Amino acid sequence: MRSRSLIRWRPVWGAFLALCAFFVTTATQAALFEDDEARKAILDLRQRVEALRVEGEQARQALTQSVNQATQEAAGLSKGQLELHQKIEQLRAEIAGLRGANEKLNKDLADLQLQLRSDAQARQALEDRLARLEPSKVTVDGIEFTVEPAERREFESALAVFRQGDFSTAQNQFVGFLSRYPGSGYAVSALFWLGNAQYATRDYKEAIANFRALIARSPQHVRAPEAVLSVANCQLELKDTKAARKTLTDLIKAYPQSEAAAAAKQRLAALK
């Protein structure tokens, strides 16, 4: 019975064993296949890791190079800034020195201008003093001559008083002037203004005497025609019409082109 049973189950067992062998073989092949894939994956991973490491190393080297370059540039920039700062400080020092020199020059210039002004004032004062002491040339009534300072001051003072209308004082000053400077270049003009001052104070006779003295001393003087006309005016004031008419006639003959001659003609026409 047992033998039959064994004989009956032997094909089944064989099949089972064959099936187990198939599965074992298949599992082994699958395991082997899976190991190859894992190995390939590991290799790929290692290659990627190596590539990443290489890239990282290259990036690190590039970064290090950039950092070094930036450090060198920063060092160069710092050096340039330091040099620029030193140059700026040097320029500031030079500017300060120039400013100080300019201030000194301005002070020296101001002192020099003050000295020159003082010297000019002193020179002008000296020239004025010398002018008051030395003779000078003047021109009066178209005639140029040399006068002493005191002589000039006295004549101009008397004339200024006359023009102010103080005829009595002017008369006295002109009389004094002519007595002190009888040969002065001002003498003829002084006689003219003295005669006018006397006419203004109604001292007609003295006025006539001084006008005639002027005519006798310088008949060609620019004031001579006016002096002759003034003589006629004084004669008219003294009611000496005959003498006035003769004086006016002589004026027209002696100075026919003068303004005084034209005035004399009008006076003569009024006297007829």
# chains A, B, ... in the order shown; residues from 1 in each chain; ligands from 1
$ residues_around --residues "segment 179-194 of chain A" --least-positions-apart "4" --cutoff "9 Å" --atoms "only C-alpha atoms" --output "ChimeraX atom specification"
/A:140-141,143-147,151-152,155,158-159,162,167,170-175,198-199,207,210-211,213-215,217-218,221,223-224,226-227
$ select_by_dssp --residues "segment 166-250 of chain A" --states "helix (DSSP H, G or I)" --output "PyMOL selection string"
chain A and resi 167-180+187-200+204-217+224-237+241-250
$ atom_distance --atom1 "atom CA of Leu77 of chain A" --atom2 "atom CA of Glu94 of chain A"
25.1 Å
$ select_by_dssp --residues "segment 66-266 of chain A" --states "strand (DSSP E or B)" --output "VMD selection string"
chain A and resid 136 to 140 143 to 147
$ closest_atom_pairs --of "segment 143-249 of chain A" --to "segment 261-272 of chain A" --cutoff "7 Å" --atoms "only C-alpha atoms" --output "tab-separated table"
residue	atom	partner	partner_atom	distance
A:Leu229	CA	A:Ala264	CA	6.9
A:Arg245	CA	A:Leu268	CA	6.5
A:Leu248	CA	A:Ala264	CA	5.3
$ atom_distance --atom1 "atom CA of Ala160 of chain A" --atom2 "atom CA of Gln124 of chain A"
25.6 Å
$ residues_around --residues "Thr247 of chain A" --least-positions-apart "3" --cutoff "10 Å" --atoms "only C-alpha atoms" --output "ChimeraX atom specification"
/A:228-233,235,241-244,250-253,264
$ decode --residues "segment 191-218 of chain A" --atoms "N, CA and C atoms" --output "mmCIF file, in the first residue's frame"
data_model
loop_
_atom_site.group_PDB
_atom_site.id
_atom_site.type_symbol
_atom_site.label_atom_id
_atom_site.label_comp_id
_atom_site.auth_asym_id
_atom_site.auth_seq_id
_atom_site.Cartn_x
_atom_site.Cartn_y
_atom_site.Cartn_z
ATOM 1 N N LEU A 191 43.658 198.794 -11.009
ATOM 2 C CA LEU A 191 43.151 200.130 -11.257
ATOM 3 C C LEU A 191 41.714 200.096 -11.776
ATOM 4 N N PHE A 192 41.426 199.128 -12.667
ATOM 5 C CA PHE A 192 40.076 199.022 -13.215
ATOM 6 C C PHE A 192 39.060 198.729 -12.111
ATOM 7 N N TRP A 193 39.386 197.720 -11.265
ATOM 8 C CA TRP A 193 38.431 197.348 -10.220
ATOM 9 C C TRP A 193 38.372 198.402 -9.108
ATOM 10 N N LEU A 194 39.483 199.097 -8.893
ATOM 11 C CA LEU A 194 39.469 200.190 -7.915
ATOM 12 C C LEU A 194 38.554 201.319 -8.393
ATOM 13 N N GLY A 195 38.667 201.664 -9.696
ATOM 14 C CA GLY A 195 37.798 202.718 -10.247
ATOM 15 C C GLY A 195 36.334 202.314 -10.144
ATOM 16 N N ASN A 196 36.007 201.034 -10.392
ATOM 17 C CA ASN A 196 34.621 200.572 -10.298
ATOM 18 C C ASN A 196 34.122 200.601 -8.848
ATOM 19 N N ALA A 197 34.995 200.252 -7.919
ATOM 20 C CA ALA A 197 34.605 200.313 -6.506
ATOM 21 C C ALA A 197 34.327 201.753 -6.099
ATOM 22 N N GLN A 198 35.145 202.684 -6.573
ATOM 23 C CA GLN A 198 34.927 204.101 -6.259
ATOM 24 C C GLN A 198 33.667 204.634 -6.936
ATOM 25 N N TYR A 199 33.411 204.180 -8.153
ATOM 26 C CA TYR A 199 32.165 204.571 -8.824
ATOM 27 C C TYR A 199 30.960 204.078 -8.022
ATOM 28 N N ALA A 200 31.063 202.841 -7.497
ATOM 29 C CA ALA A 200 29.956 202.275 -6.720
ATOM 30 C C ALA A 200 29.745 203.040 -5.424
ATOM 31 N N THR A 201 30.809 203.638 -4.892
ATOM 32 C CA THR A 201 30.680 204.412 -3.637
ATOM 33 C C THR A 201 30.500 205.913 -3.942
ATOM 34 N N ARG A 202 30.303 206.225 -5.228
ATOM 35 C CA ARG A 202 30.045 207.595 -5.705
ATOM 36 C C ARG A 202 31.249 208.526 -5.510
ATOM 37 N N ASP A 203 32.419 207.919 -5.481
ATOM 38 C CA ASP A 203 33.633 208.725 -5.429
ATOM 39 C C ASP A 203 34.093 208.894 -6.876
ATOM 40 N N TYR A 204 33.325 209.716 -7.651
ATOM 41 C CA TYR A 204 33.491 209.786 -9.091
ATOM 42 C C TYR A 204 34.826 210.394 -9.507
ATOM 43 N N LYS A 205 35.289 211.390 -8.812
ATOM 44 C CA LYS A 205 36.541 212.050 -9.191
ATOM 45 C C LYS A 205 37.725 211.094 -9.047
ATOM 46 N N GLU A 206 37.765 210.365 -7.936
ATOM 47 C CA GLU A 206 38.839 209.399 -7.744
ATOM 48 C C GLU A 206 38.714 208.269 -8.760
ATOM 49 N N ALA A 207 37.480 207.921 -9.069
ATOM 50 C CA ALA A 207 37.268 206.865 -10.064
ATOM 51 C C ALA A 207 37.810 207.313 -11.415
ATOM 52 N N ILE A 208 37.518 208.591 -11.819
ATOM 53 C CA ILE A 208 38.018 209.112 -13.092
ATOM 54 C C ILE A 208 39.542 209.084 -13.107
ATOM 55 N N ALA A 209 40.157 209.467 -11.984
ATOM 56 C CA ALA A 209 41.623 209.498 -11.909
ATOM 57 C C ALA A 209 42.210 208.092 -12.113
ATOM 58 N N ASN A 210 41.632 207.120 -11.526
ATOM 59 C CA ASN A 210 42.170 205.760 -11.643
ATOM 60 C C ASN A 210 41.888 205.148 -13.022
ATOM 61 N N PHE A 211 40.718 205.466 -13.600
ATOM 62 C CA PHE A 211 40.445 204.970 -14.955
ATOM 63 C C PHE A 211 41.421 205.593 -15.951
ATOM 64 N N ARG A 212 41.705 206.879 -15.797
ATOM 65 C CA ARG A 212 42.650 207.538 -16.699
ATOM 66 C C ARG A 212 44.076 207.030 -16.478
ATOM 67 N N ALA A 213 44.398 206.683 -15.237
ATOM 68 C CA ALA A 213 45.718 206.110 -14.965
ATOM 69 C C ALA A 213 45.857 204.765 -15.695
ATOM 70 N N LEU A 214 44.781 203.998 -15.718
ATOM 71 C CA LEU A 214 44.792 202.708 -16.431
ATOM 72 C C LEU A 214 45.029 202.936 -17.920
ATOM 73 N N ILE A 215 44.286 203.947 -18.520
ATOM 74 C CA ILE A 215 44.385 204.195 -19.957
ATOM 75 C C ILE A 215 45.790 204.683 -20.309
ATOM 76 N N ALA A 216 46.327 205.540 -19.461
ATOM 77 C CA ALA A 216 47.663 206.080 -19.731
ATOM 78 C C ALA A 216 48.723 204.977 -19.609
ATOM 79 N N ARG A 217 48.543 204.065 -18.670
ATOM 80 C CA ARG A 217 49.533 203.010 -18.427
ATOM 81 C C ARG A 217 49.479 201.922 -19.493
ATOM 82 N N SER A 218 48.298 201.592 -19.953
ATOM 83 C CA SER A 218 48.171 200.501 -20.930
ATOM 84 C C SER A 218 46.977 200.755 -21.828
#
